[in-house]
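input-v1.txt (compact mmCIF, C-alpha atoms) appears below.
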```txt
# COMPACT_ATOMS: atom_id res chain seq x y z
CA MET A 1 0.00 0.00 0.00
CA VAL A 2 0.89 3.67 -0.26
CA LYS A 3 2.98 4.89 2.66
CA ALA A 4 3.22 8.47 3.85
CA GLU A 5 4.63 10.52 6.69
CA ARG A 6 3.32 13.65 8.30
CA LYS A 7 4.81 17.03 7.56
CA PRO A 8 6.32 19.01 10.45
CA VAL A 9 3.64 20.85 12.42
CA GLN A 10 5.28 24.22 11.70
CA GLU A 11 4.94 23.65 7.94
CA ILE A 12 1.25 22.80 8.39
CA PHE A 13 0.78 25.79 10.65
CA ASP A 14 2.36 28.09 8.05
CA ALA A 15 0.15 26.63 5.32
CA ILE A 16 -3.11 27.33 7.16
CA ASN A 17 -2.01 30.56 8.76
CA GLY A 18 -3.92 32.90 6.47
CA TYR A 19 -7.28 31.14 6.71
CA GLY A 20 -10.04 31.52 9.28
CA LYS A 21 -11.95 28.27 8.86
CA VAL A 22 -9.99 25.13 8.12
CA LEU A 23 -11.27 21.62 7.48
CA ASN A 24 -8.78 18.80 8.01
CA VAL A 25 -9.86 15.87 5.84
CA GLY A 26 -8.64 12.38 6.66
CA CYS A 27 -8.72 9.33 4.43
CA GLY A 28 -9.82 5.87 5.50
CA GLY A 29 -7.60 4.14 2.94
CA CYS A 30 -3.85 3.49 2.81
CA VAL A 31 -2.85 6.45 4.99
CA SER A 32 -5.19 5.20 7.67
CA VAL A 33 -3.55 1.78 7.64
CA CYS A 34 -0.03 3.28 7.84
CA LEU A 35 -1.18 5.36 10.82
CA VAL A 36 -0.66 8.80 9.34
CA GLY A 37 -3.93 10.12 7.93
CA GLY A 38 -6.96 8.29 9.33
CA GLN A 39 -9.62 9.61 11.68
CA LYS A 40 -7.45 9.13 14.75
CA GLU A 41 -4.62 11.11 13.17
CA VAL A 42 -7.03 13.86 12.09
CA ASN A 43 -8.13 14.27 15.70
CA ALA A 44 -4.53 14.21 16.95
CA LEU A 45 -3.33 16.79 14.42
CA ASN A 46 -6.26 19.09 15.13
CA ALA A 47 -5.55 18.94 18.86
CA GLU A 48 -1.88 19.71 18.18
CA LEU A 49 -2.73 22.63 15.90
CA LYS A 50 -5.16 24.06 18.42
CA VAL A 51 -2.46 24.08 21.10
CA HIS A 52 -0.08 25.71 18.62
CA LEU A 53 -2.66 28.36 17.75
CA GLU A 54 -3.50 29.03 21.36
CA LYS A 55 0.16 29.59 22.16
CA ALA A 56 0.43 31.99 19.24
CA GLY A 57 -2.76 33.79 20.35
CA ILE A 58 -4.51 33.11 17.03
CA ARG A 59 -8.23 32.41 16.77
CA LYS A 60 -9.12 29.95 14.06
CA ARG A 61 -11.71 27.26 13.52
CA ILE A 62 -10.27 23.85 12.74
CA ASP A 63 -12.63 20.96 12.12
CA GLY A 64 -11.98 17.39 11.10
CA TYR A 65 -13.75 14.94 8.84
CA THR A 66 -12.72 11.60 7.43
CA VAL A 67 -13.96 10.14 4.16
CA GLU A 68 -13.49 6.50 3.21
CA ARG A 69 -11.15 7.21 0.31
CA GLN A 70 -10.16 10.57 -1.13
CA CYS A 71 -9.06 8.93 -4.39
CA ASN A 72 -12.60 7.75 -5.15
CA GLU A 73 -15.23 10.21 -6.34
CA SER A 74 -18.17 8.35 -4.84
CA PHE A 75 -16.66 8.75 -1.37
CA LEU A 76 -15.23 12.23 -1.88
CA LYS A 77 -18.59 13.69 -2.91
CA GLU A 78 -19.64 13.27 0.72
CA LEU A 79 -17.82 16.58 1.27
CA ASP A 80 -19.80 18.50 -1.34
CA SER A 81 -22.08 20.22 1.13
CA LYS A 82 -19.45 20.60 3.85
CA ALA A 83 -16.33 21.84 2.03
CA PRO A 84 -17.70 25.20 0.79
CA GLU A 85 -18.17 26.30 4.42
CA TYR A 86 -14.38 26.48 4.82
CA ASP A 87 -11.67 28.90 3.67
CA CYS A 88 -9.11 26.16 3.32
CA LEU A 89 -8.97 22.37 3.18
CA VAL A 90 -6.05 20.33 4.40
CA SER A 91 -5.73 16.74 3.31
CA MET A 92 -4.15 13.87 5.17
CA ALA A 93 -4.39 11.61 2.12
CA CYS A 94 -1.66 10.61 -0.32
CA GLY A 95 -0.81 12.86 -3.27
CA ALA A 96 -3.57 11.29 -5.37
CA GLY A 97 -6.19 12.08 -2.75
CA VAL A 98 -4.96 15.67 -2.34
CA GLN A 99 -5.11 16.28 -6.09
CA HIS A 100 -8.52 14.68 -6.38
CA MET A 101 -9.87 16.89 -3.62
CA ALA A 102 -8.22 20.02 -5.08
CA GLN A 103 -9.84 19.21 -8.43
CA ARG A 104 -13.30 18.66 -6.97
CA PHE A 105 -13.19 21.79 -4.81
CA SER A 106 -11.19 23.93 -7.20
CA LYS A 107 -12.28 27.23 -5.64
CA ILE A 108 -10.90 26.32 -2.22
CA PRO A 109 -7.17 26.13 -1.46
CA VAL A 110 -6.11 22.58 -0.56
CA HIS A 111 -2.91 21.87 1.36
CA PRO A 112 -1.33 18.47 1.94
CA VAL A 113 -0.28 17.66 5.48
CA VAL A 114 1.50 14.43 4.69
CA ASN A 115 4.34 13.60 2.33
CA THR A 116 3.60 10.57 0.17
CA VAL A 117 6.71 8.45 0.41
CA SER A 118 6.36 5.11 -1.27
CA ILE A 119 4.55 1.89 -1.99
CA GLY A 120 5.82 -0.33 0.75
CA ILE A 121 5.41 -3.20 3.11
CA ASP A 122 4.55 -3.28 6.80
CA LYS A 123 7.67 -4.22 8.75
CA ASP A 124 6.13 -3.66 12.15
CA LEU A 125 3.57 -1.42 13.80
CA GLY A 126 4.28 2.06 12.45
CA MET A 127 7.36 0.87 10.53
CA TYR A 128 7.28 0.58 6.77
CA GLU A 129 9.79 -0.18 4.07
CA GLU A 130 9.72 1.01 0.49
CA ARG A 131 9.50 -1.74 -2.10
CA CYS A 132 8.08 -0.16 -5.24
CA ARG A 133 8.31 3.15 -7.08
CA ALA A 134 5.56 2.42 -9.58
CA CYS A 135 7.97 2.80 -12.49
CA GLY A 136 5.58 1.01 -14.82
CA HIS A 137 8.28 -1.35 -16.10
CA CYS A 138 8.36 -4.28 -13.70
CA VAL A 139 11.36 -6.60 -14.01
CA LEU A 140 10.97 -8.44 -10.71
CA GLY A 141 10.48 -11.76 -12.51
CA TYR A 142 14.04 -11.55 -13.81
CA THR A 143 15.65 -10.13 -10.71
CA GLY A 144 14.57 -12.73 -8.18
CA GLY A 145 11.84 -10.48 -6.77
CA ILE A 146 14.27 -7.73 -5.74
CA CYS A 147 13.52 -4.36 -7.32
CA PRO A 148 16.58 -2.71 -8.87
CA VAL A 149 14.70 0.57 -9.32
CA THR A 150 13.86 0.86 -5.63
CA ARG A 151 16.89 -0.83 -4.12
CA CYS A 152 19.74 0.26 -6.42
CA ALA A 153 20.86 3.87 -5.95
CA LYS A 154 21.35 4.16 -9.71
CA GLY A 155 18.19 2.23 -10.57
CA LEU A 156 20.23 0.00 -12.88
CA PHE A 157 18.45 -2.65 -14.93
CA ASN A 158 21.58 -4.47 -15.99
CA GLY A 159 23.78 -4.07 -12.95
CA PRO A 160 25.78 -4.10 -10.88
CA CYS A 161 27.79 -0.96 -11.41
CA GLY A 162 31.49 -0.77 -10.68
CA GLY A 163 31.05 1.10 -7.44
CA THR A 164 30.17 -1.67 -5.03
CA ASN A 165 31.85 -1.28 -1.69
CA GLY A 166 32.37 -4.82 -0.48
CA ASP A 167 28.83 -6.14 -0.13
CA ASN A 168 27.39 -2.66 0.07
CA CYS A 169 26.51 0.30 -2.09
CA GLU A 170 29.11 2.96 -2.74
CA ILE A 171 26.83 5.63 -1.33
CA SER A 172 26.67 4.06 2.14
CA ASN A 173 28.09 1.15 4.07
CA GLU A 174 24.64 0.58 5.52
CA ILE A 175 22.92 -0.01 2.19
CA PRO A 176 23.39 -3.50 0.78
CA CYS A 177 24.12 -3.68 -2.94
CA ALA A 178 20.82 -4.54 -4.64
CA TRP A 179 22.54 -6.35 -7.48
CA LEU A 180 24.58 -8.51 -5.12
CA ASP A 181 21.32 -9.51 -3.44
CA ILE A 182 19.79 -10.20 -6.85
CA TYR A 183 22.81 -12.33 -7.76
CA LYS A 184 22.56 -14.32 -4.52
CA ARG A 185 18.80 -14.85 -4.90
CA LEU A 186 19.10 -16.00 -8.51
CA LYS A 187 22.06 -18.26 -7.68
CA ASN A 188 20.01 -19.81 -4.90
CA GLN A 189 17.25 -20.52 -7.40
CA ASP A 190 19.74 -21.78 -9.99
CA ARG A 191 18.62 -19.02 -12.35
CA LEU A 192 21.85 -17.12 -12.84
CA GLY A 193 21.19 -17.16 -16.58
CA ASP A 194 18.58 -14.44 -15.97
CA ILE A 195 21.21 -11.96 -14.85
CA LEU A 196 22.91 -12.27 -18.22
CA LYS A 197 19.76 -11.39 -20.16
CA VAL A 198 20.11 -7.76 -21.17
CA ARG A 199 16.95 -5.88 -20.30
CA PRO A 200 15.84 -2.93 -22.42
CA HIS A 201 16.45 0.44 -20.87
CA MET A 202 13.97 1.92 -18.43
CA GLU A 203 11.28 3.98 -20.12
CA TRP A 204 10.67 6.04 -16.97
CA GLN A 205 6.93 5.91 -17.50
CA ASN A 206 6.46 7.35 -14.04
CA GLN A 207 7.75 10.73 -15.21
CA SER A 208 4.40 11.61 -16.80
CA PRO A 209 0.85 11.04 -15.53
CA ARG A 210 -0.50 7.63 -16.47
CA THR A 211 -4.03 6.36 -16.81
CA ILE A 212 -4.47 2.63 -16.90
CA ILE A 213 -7.42 0.74 -18.30
CA GLN A 214 -7.40 -2.95 -17.48
CA GLU A 215 -7.71 -5.11 -20.58
CA PRO A 216 -11.17 -6.60 -19.86
CA TYR A 217 -12.53 -3.04 -19.60
CA GLU A 218 -11.01 -1.67 -22.79
CA ARG A 219 -14.25 -2.03 -24.75
CA ARG A 220 -16.04 -0.05 -22.09
CA TYR A 221 -13.77 2.98 -22.29
CA LEU A 222 -11.99 2.85 -25.66
CA ALA A 223 -14.85 1.81 -27.96
CA MET B 1 -31.66 -12.17 23.98
CA PHE B 2 -32.74 -8.86 25.46
CA ARG B 3 -29.86 -6.60 26.33
CA LYS B 4 -30.21 -3.32 28.14
CA LYS B 5 -28.82 -0.53 26.02
CA ASN B 6 -26.20 1.81 27.30
CA THR B 7 -26.46 4.77 24.96
CA ALA B 8 -23.80 6.83 26.75
CA GLY B 9 -21.48 8.51 24.28
CA VAL B 10 -23.83 7.99 21.34
CA ASN B 11 -25.57 10.92 19.73
CA SER B 12 -28.73 9.37 18.26
CA ASP B 13 -29.90 12.71 16.87
CA GLU B 14 -26.71 13.01 14.85
CA ILE B 15 -27.15 9.45 13.56
CA ARG B 16 -30.73 10.19 12.58
CA ALA B 17 -29.66 13.37 10.78
CA ILE B 18 -27.13 11.39 8.70
CA LEU B 19 -29.70 8.68 8.01
CA ASP B 20 -32.21 11.32 6.90
CA GLU B 21 -29.76 12.64 4.31
CA LYS B 22 -30.03 9.35 2.45
CA LYS B 23 -33.41 8.24 3.68
CA ALA B 24 -35.08 7.82 0.29
CA LYS B 25 -32.22 5.83 -1.23
CA MET B 26 -31.79 3.74 1.91
CA LYS B 27 -35.49 2.97 2.24
CA LEU B 28 -35.76 1.98 -1.41
CA SER B 29 -32.60 -0.16 -1.21
CA LEU B 30 -33.80 -2.00 1.89
CA LYS B 31 -37.19 -2.59 0.33
CA ALA B 32 -35.75 -3.64 -3.01
CA CYS B 33 -33.34 -6.27 -1.69
CA ALA B 34 -34.90 -9.55 -2.83
CA HIS B 35 -32.38 -11.69 -0.90
CA CYS B 36 -31.48 -13.27 -4.22
CA SER B 37 -27.82 -13.63 -3.07
CA LEU B 38 -26.55 -12.80 -6.55
CA CYS B 39 -24.30 -10.16 -5.03
CA ALA B 40 -22.45 -12.83 -3.08
CA GLU B 41 -20.19 -14.16 -5.79
CA SER B 42 -19.04 -10.72 -6.84
CA CYS B 43 -17.45 -10.29 -3.40
CA PHE B 44 -13.91 -11.63 -3.27
CA LEU B 45 -14.03 -11.72 0.53
CA PHE B 46 -17.11 -13.96 0.40
CA MET B 47 -15.38 -16.25 -2.07
CA GLY B 48 -12.15 -16.15 -0.07
CA HIS B 49 -13.89 -17.12 3.17
CA ASN B 50 -15.41 -20.39 1.97
CA LYS B 51 -18.62 -18.61 0.96
CA ASP B 52 -19.40 -17.68 4.55
CA PRO B 53 -22.86 -16.00 4.36
CA LYS B 54 -21.70 -13.33 6.81
CA TYR B 55 -19.48 -11.98 4.02
CA MET B 56 -22.33 -11.60 1.55
CA PRO B 57 -22.67 -7.94 0.54
CA SER B 58 -26.41 -8.08 1.19
CA TYR B 59 -25.83 -9.49 4.70
CA LYS B 60 -23.39 -6.68 5.46
CA PHE B 61 -25.78 -4.05 4.12
CA LEU B 62 -28.91 -5.38 5.87
CA ASN B 63 -27.12 -5.85 9.19
CA SER B 64 -25.59 -2.39 9.25
CA VAL B 65 -27.72 0.24 7.55
CA GLY B 66 -30.77 -2.02 7.89
CA VAL B 67 -30.34 -2.14 11.67
CA LEU B 68 -29.68 1.60 11.95
CA TYR B 69 -32.78 2.35 9.92
CA LYS B 70 -34.97 -0.10 11.82
CA LYS B 71 -33.81 1.22 15.18
CA LYS B 72 -34.05 4.83 13.96
CA GLY B 73 -30.51 5.47 15.11
CA ASN B 74 -31.19 4.33 18.68
CA VAL B 75 -28.11 2.19 19.04
CA ASP B 76 -25.42 1.95 21.67
CA LYS B 77 -21.64 1.61 21.52
CA GLN B 78 -21.87 -2.17 21.51
CA ASP B 79 -24.17 -2.13 18.48
CA LEU B 80 -21.80 0.25 16.72
CA GLY B 81 -18.81 -1.88 17.70
CA GLU B 82 -20.44 -4.94 16.14
CA MET B 83 -21.25 -2.86 13.09
CA ARG B 84 -17.65 -1.71 12.89
CA ASP B 85 -16.48 -5.31 12.66
CA LEU B 86 -19.04 -5.93 9.94
CA VAL B 87 -18.39 -2.90 7.73
CA TRP B 88 -14.62 -2.73 8.10
CA GLU B 89 -13.43 -6.25 8.83
CA ARG B 90 -15.69 -7.94 6.30
CA CYS B 91 -15.63 -5.25 3.62
CA VAL B 92 -12.81 -3.29 2.01
CA LEU B 93 -15.13 -1.05 -0.02
CA CYS B 94 -13.63 -2.23 -3.29
CA THR B 95 -16.98 -1.22 -4.83
CA ARG B 96 -17.05 -4.32 -7.02
CA CYS B 97 -20.20 -5.89 -5.57
CA TYR B 98 -22.92 -6.33 -8.13
CA CYS B 99 -26.65 -6.13 -7.49
CA PRO B 100 -28.96 -7.10 -10.35
CA ILE B 101 -31.64 -4.78 -9.00
CA GLY B 102 -29.19 -1.91 -8.84
CA ILE B 103 -28.81 -1.39 -5.11
CA ASP B 104 -25.70 0.70 -4.49
CA ILE B 105 -24.32 -1.58 -1.76
CA PRO B 106 -20.94 0.20 -1.40
CA ASP B 107 -22.74 3.50 -0.87
CA MET B 108 -24.86 1.92 1.84
CA LEU B 109 -21.84 0.39 3.57
CA ALA B 110 -20.01 3.72 3.31
CA LEU B 111 -23.05 5.29 4.99
CA ALA B 112 -22.78 2.78 7.86
CA ARG B 113 -19.07 3.60 8.17
CA ARG B 114 -19.85 7.32 8.17
CA ILE B 115 -22.31 6.85 11.01
CA CYS B 116 -19.80 4.78 12.99
CA ARG B 117 -17.14 7.44 12.39
CA SER B 118 -19.51 10.19 13.54
CA GLN B 119 -19.73 8.43 16.91
CA GLY B 120 -15.97 7.87 17.19
CA VAL B 121 -16.20 4.18 16.28
CA TYR B 122 -13.65 3.20 13.63
CA PRO B 123 -10.74 0.76 13.24
CA GLN B 124 -7.71 1.44 15.40
CA TYR B 125 -4.98 -0.03 13.22
CA ASP B 126 -2.34 0.40 15.92
CA ARG B 127 -4.35 -1.62 18.43
CA GLU B 128 -5.83 -4.41 16.38
```
Represent the structure from my file as structure tokens, please.
Amino acid sequence: MVKAERKPVQEIFDAINGYGKVLNVGCGGCVSVCLVGGQKEVNALNAELKVHLEKAGIRKRIDGYTVERQCNESFLKELDSKAPEYDCLVSMACGAGVQHMAQRFSKIPVHPVVNTVSIGIDKDLGMYEERCRACGHCVLGYTGGICPVTRCAKGLFNGPCGGTNGDNCEISNEIPCAWLDIYKRLKNQDRLGDILKVRPHMEWQNQSPRTIIQEPYERRYLA
Amino acid sequence: MFRKKNTAGVNSDEIRAILDEKKAKMKLSLKACAHCSLCAESCFLFMGHNKDPKYMPSYKFLNSVGVLYKKKGNVDKQDLGEMRDLVWERCVLCTRCYCPIGIDIPDMLALARRICRSQGVYPQYDRE
């Protein structure tokens, strides 16, 4: 799932500073599961902001509301009657949710209060590890299930580079070399031949907005 | 079995106000459900739980919004807690459930979630 982390409270405070009535909108999807933008976090942030405002002697109305998913129109429309009451909306959803909300309520300024970090796995409670950058060019089948785009500092498809530092990456002794791990995994599976197959260069499809239509639905949208 | 309700911490007026917003749609949906069970197989959770009837979209809809409507919002925290398990644990709101009559089941389950949220009842992912 998408993983995010909250922005520093001062940055949020600065963003909402010029507005009188602020609605903090949480999302019940991924950000709720990674404990950064669900209903509980909306309440916690609002309480924190209110203390901050009180200390600064500023009067402002800050309310909270959580929709099931900000990236889905049928859930976001729940805010249609509520949002226009406010001077500013802040979103605790991922970047997709923020943009969706900003598009739907285009007359109201929308500020993100979390930084969307990655697509990752749950290591432990409140601890997540990046595993995918949604590059749109998945080669995991050839790399033993280890992503060279996410794990290799250079994002090499046909690695390793010449800069390995023992078993680690040249940029840090604490980062294991992704391609060494790929080599070990493939060797373990007796598939070292895969490492010799030259993969075409990365198309960097994630550098421009993408819309996907799943094949069974093509007739529905492309006819 | 009869259980005495403890409505402390529950704002029934607020629940009723939310129910009223979608009263017409909710009433029609509850009336229209023919218990045909055709929605069941479109739910991957139903299929993935050995076709347990408690995962049927219609079951989830009738036992959440249906109960709230029938009781006119007069529910207690225990009722809402049970509803929370139903509408969050047994549904991910993938919106793929199919009703041949056209009942918008995800919208109804989202309504049940909204009511639970309004009373401070929602999943605590760091505790569960």
| message | Give me the residues near Ala112 in chain B as a PyMOL selection string, where near means some atom within 12 Å (using all atoms listed in the file) and where sequence neighbours in that chain fewer than 4 positions away do not count. | response | (chain A and resi 68) or (chain B and resi 15-16+18-19+22+26+60-69+73+79-88+91+93+105-108+116-119+121-122)
Listed atoms of range 16-19 of chain A, axis-aligned box, 4 Å per side: centre and edge lengths to one decimal in Å, as AutoDock Vina command-line options?
```
--center_x -4.6 --center_y 30.1 --center_z 7.6 --size_x 13.3 --size_y 13.6 --size_z 10.3
```
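Here CA of Cys99 in chain B is placed at a distance of 17.3 Å from CA of Leu111 in chain B.
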| query | Quick one: distance from CA of Lys187 in chain A to CA of Phe157 in chain A in Å, one decimal? | reply |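 Rounded to one decimal, the two atoms are 17.6 Å apart.
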| field | Interface, chain A side, toward chain B (8 Å; all atoms listed in the file) as a ChimeraX atom specification | value | /A:32-33,35,39-40,66-68,74-75,125-126
| Gap from CA of Tyr65 in chain A to CA of Tyr86 in chain A - Å, one decimal |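 Interatomic distance here is 12.2 Å.
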| field | Residue with smallest distance to Glu41 in chain A - pool A:Val117, A:Leu196, A:Cys152, A:Cys27, counting only C-alpha atoms | value | A:Cys27
Please return, as a PDB file with C-alpha atoms, in the coordinates of the input, all polymer residues that have at least one atom within 10 Å of the point (14.8, 0.9, -18.5); use only C-alpha atoms and the file's own coordinate frame.
```pdb
ATOM      1  CA  CYS A 135       7.970   2.800 -12.490  1.00  0.00           C
ATOM      2  CA  GLY A 136       5.580   1.010 -14.820  1.00  0.00           C
ATOM      3  CA  HIS A 137       8.280  -1.350 -16.100  1.00  0.00           C
ATOM      4  CA  CYS A 138       8.360  -4.280 -13.700  1.00  0.00           C
ATOM      5  CA  VAL A 139      11.360  -6.600 -14.010  1.00  0.00           C
ATOM      6  CA  VAL A 149      14.700   0.570  -9.320  1.00  0.00           C
ATOM      7  CA  GLY A 155      18.190   2.230 -10.570  1.00  0.00           C
ATOM      8  CA  LEU A 156      20.230   0.000 -12.880  1.00  0.00           C
ATOM      9  CA  PHE A 157      18.450  -2.650 -14.930  1.00  0.00           C
ATOM     10  CA  ASN A 158      21.580  -4.470 -15.990  1.00  0.00           C
ATOM     11  CA  ARG A 199      16.950  -5.880 -20.300  1.00  0.00           C
ATOM     12  CA  PRO A 200      15.840  -2.930 -22.420  1.00  0.00           C
ATOM     13  CA  HIS A 201      16.450   0.440 -20.870  1.00  0.00           C
ATOM     14  CA  MET A 202      13.970   1.920 -18.430  1.00  0.00           C
ATOM     15  CA  GLU A 203      11.280   3.980 -20.120  1.00  0.00           C
ATOM     16  CA  TRP A 204      10.670   6.040 -16.970  1.00  0.00           C
ATOM     17  CA  GLN A 205       6.930   5.910 -17.500  1.00  0.00           C
TER      18      GLN A 205
END
```
I'd like the neighbourhood of Asn6 in chain B as a PDB file with C-alpha atoms, keeping the file's coordinate frame, where a residue qualifies if any of its atoms comes within 10 Å (using all atoms listed in the file), though same-chain residues fewer than 3 positions away should be ignored.
```pdb
ATOM      1  CA  ARG B   3     -29.860  -6.600  26.330  1.00  0.00           C
ATOM      2  CA  GLY B   9     -21.480   8.510  24.280  1.00  0.00           C
ATOM      3  CA  VAL B  10     -23.830   7.990  21.340  1.00  0.00           C
ATOM      4  CA  VAL B  75     -28.110   2.190  19.040  1.00  0.00           C
ATOM      5  CA  ASP B  76     -25.420   1.950  21.670  1.00  0.00           C
ATOM      6  CA  LYS B  77     -21.640   1.610  21.520  1.00  0.00           C
ATOM      7  CA  GLN B  78     -21.870  -2.170  21.510  1.00  0.00           C
ATOM      8  CA  ASP B  79     -24.170  -2.130  18.480  1.00  0.00           C
TER       9      ASP B  79
END
```
| request: Between A:Val2, A:Leu79, A:Val51, A:Leu180, single out the one closest to Val31 in chain A, counting only C-alpha atoms. | output: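 Of A:Val2, A:Leu79, A:Val51, A:Leu180, the one nearest Val31 in chain A is A:Val2, counting only C-alpha atoms.
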Quick one: residues within 8 Å of Arg6 in chain A, all atoms listed in the file, excluding same-chain residues fewer than 3 positions away - as a PDB file with C-alpha atoms, in the frame of the given file?
```
ATOM      1  CA  VAL A  36      -0.660   8.800   9.340  1.00  0.00           C
ATOM      2  CA  VAL A 113      -0.280  17.660   5.480  1.00  0.00           C
ATOM      3  CA  VAL A 114       1.500  14.430   4.690  1.00  0.00           C
ATOM      4  CA  ASN A 115       4.340  13.600   2.330  1.00  0.00           C
TER       5      ASN A 115
END
```
| said: With only C-alpha atoms as the counted atoms, please give the residues lying no more than 9 Å from Cys33 in chain B, apart from itself and same-chain residues fewer than 4 positions off, as a VMD selection string. | reply: chain B and resid 28 to 29 58 62 99 101 103
| field | Selection near Arg96 in chain B, 8 Å with only C-alpha atoms, sequence-local residues under 2 positions removed, as a PyMOL selection string | value | chain B and resi 42-43+93-94+98
| query | Which is closest to Met47 in chain B among B:Arg90, B:Lys71, B:Lys4, B:Gly102, if we use all atoms listed in the file? | reply |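 Closest to Met47 in chain B of all the choices is B:Arg90.
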N, CA, C and O atoms restored at range 106-118 of chain B, emitted as a CSV table (one decimal), in the frame of the given file:
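As a result, part31.csv now contains:
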```csv
chain,number,residue,atom,x,y,z
B,106,PRO,N,-22.1,-0.5,-2.0
B,106,PRO,CA,-20.9,0.2,-1.4
B,106,PRO,C,-21.4,1.5,-0.8
B,106,PRO,O,-20.8,1.9,0.3
B,107,ASP,N,-22.3,2.2,-1.4
B,107,ASP,CA,-22.7,3.5,-0.9
B,107,ASP,C,-23.4,3.3,0.5
B,107,ASP,O,-23.3,4.1,1.4
B,108,MET,N,-24.2,2.2,0.6
B,108,MET,CA,-24.9,1.9,1.8
B,108,MET,C,-23.9,1.5,2.9
B,108,MET,O,-24.0,2.0,4.1
B,109,LEU,N,-22.8,0.8,2.6
B,109,LEU,CA,-21.8,0.4,3.6
B,109,LEU,C,-21.0,1.6,4.0
B,109,LEU,O,-20.6,1.7,5.1
B,110,ALA,N,-20.7,2.5,3.0
B,110,ALA,CA,-20.0,3.7,3.3
B,110,ALA,C,-20.8,4.6,4.3
B,110,ALA,O,-20.3,5.2,5.1
B,111,LEU,N,-22.2,4.5,4.1
B,111,LEU,CA,-23.0,5.3,5.0
B,111,LEU,C,-22.9,4.7,6.4
B,111,LEU,O,-22.8,5.5,7.4
B,112,ALA,N,-22.9,3.4,6.5
B,112,ALA,CA,-22.8,2.8,7.9
B,112,ALA,C,-21.4,3.2,8.5
B,112,ALA,O,-21.4,3.5,9.7
B,113,ARG,N,-20.4,3.2,7.7
B,113,ARG,CA,-19.1,3.6,8.2
B,113,ARG,C,-19.1,5.1,8.6
B,113,ARG,O,-18.5,5.4,9.6
B,114,ARG,N,-19.8,5.9,7.8
B,114,ARG,CA,-19.8,7.3,8.2
B,114,ARG,C,-20.5,7.5,9.5
B,114,ARG,O,-20.1,8.3,10.3
B,115,ILE,N,-21.6,6.7,9.7
B,115,ILE,CA,-22.3,6.8,11.0
B,115,ILE,C,-21.4,6.4,12.2
B,115,ILE,O,-21.3,7.0,13.2
B,116,CYS,N,-20.7,5.3,12.0
B,116,CYS,CA,-19.8,4.8,13.0
B,116,CYS,C,-18.7,5.8,13.3
B,116,CYS,O,-18.5,6.2,14.4
B,117,ARG,N,-18.2,6.4,12.2
B,117,ARG,CA,-17.1,7.4,12.4
B,117,ARG,C,-17.7,8.6,13.2
B,117,ARG,O,-17.0,9.2,14.0
B,118,SER,N,-18.9,9.0,12.9
B,118,SER,CA,-19.5,10.2,13.5
B,118,SER,C,-19.6,10.0,15.1
B,118,SER,O,-19.7,11.0,15.8
```
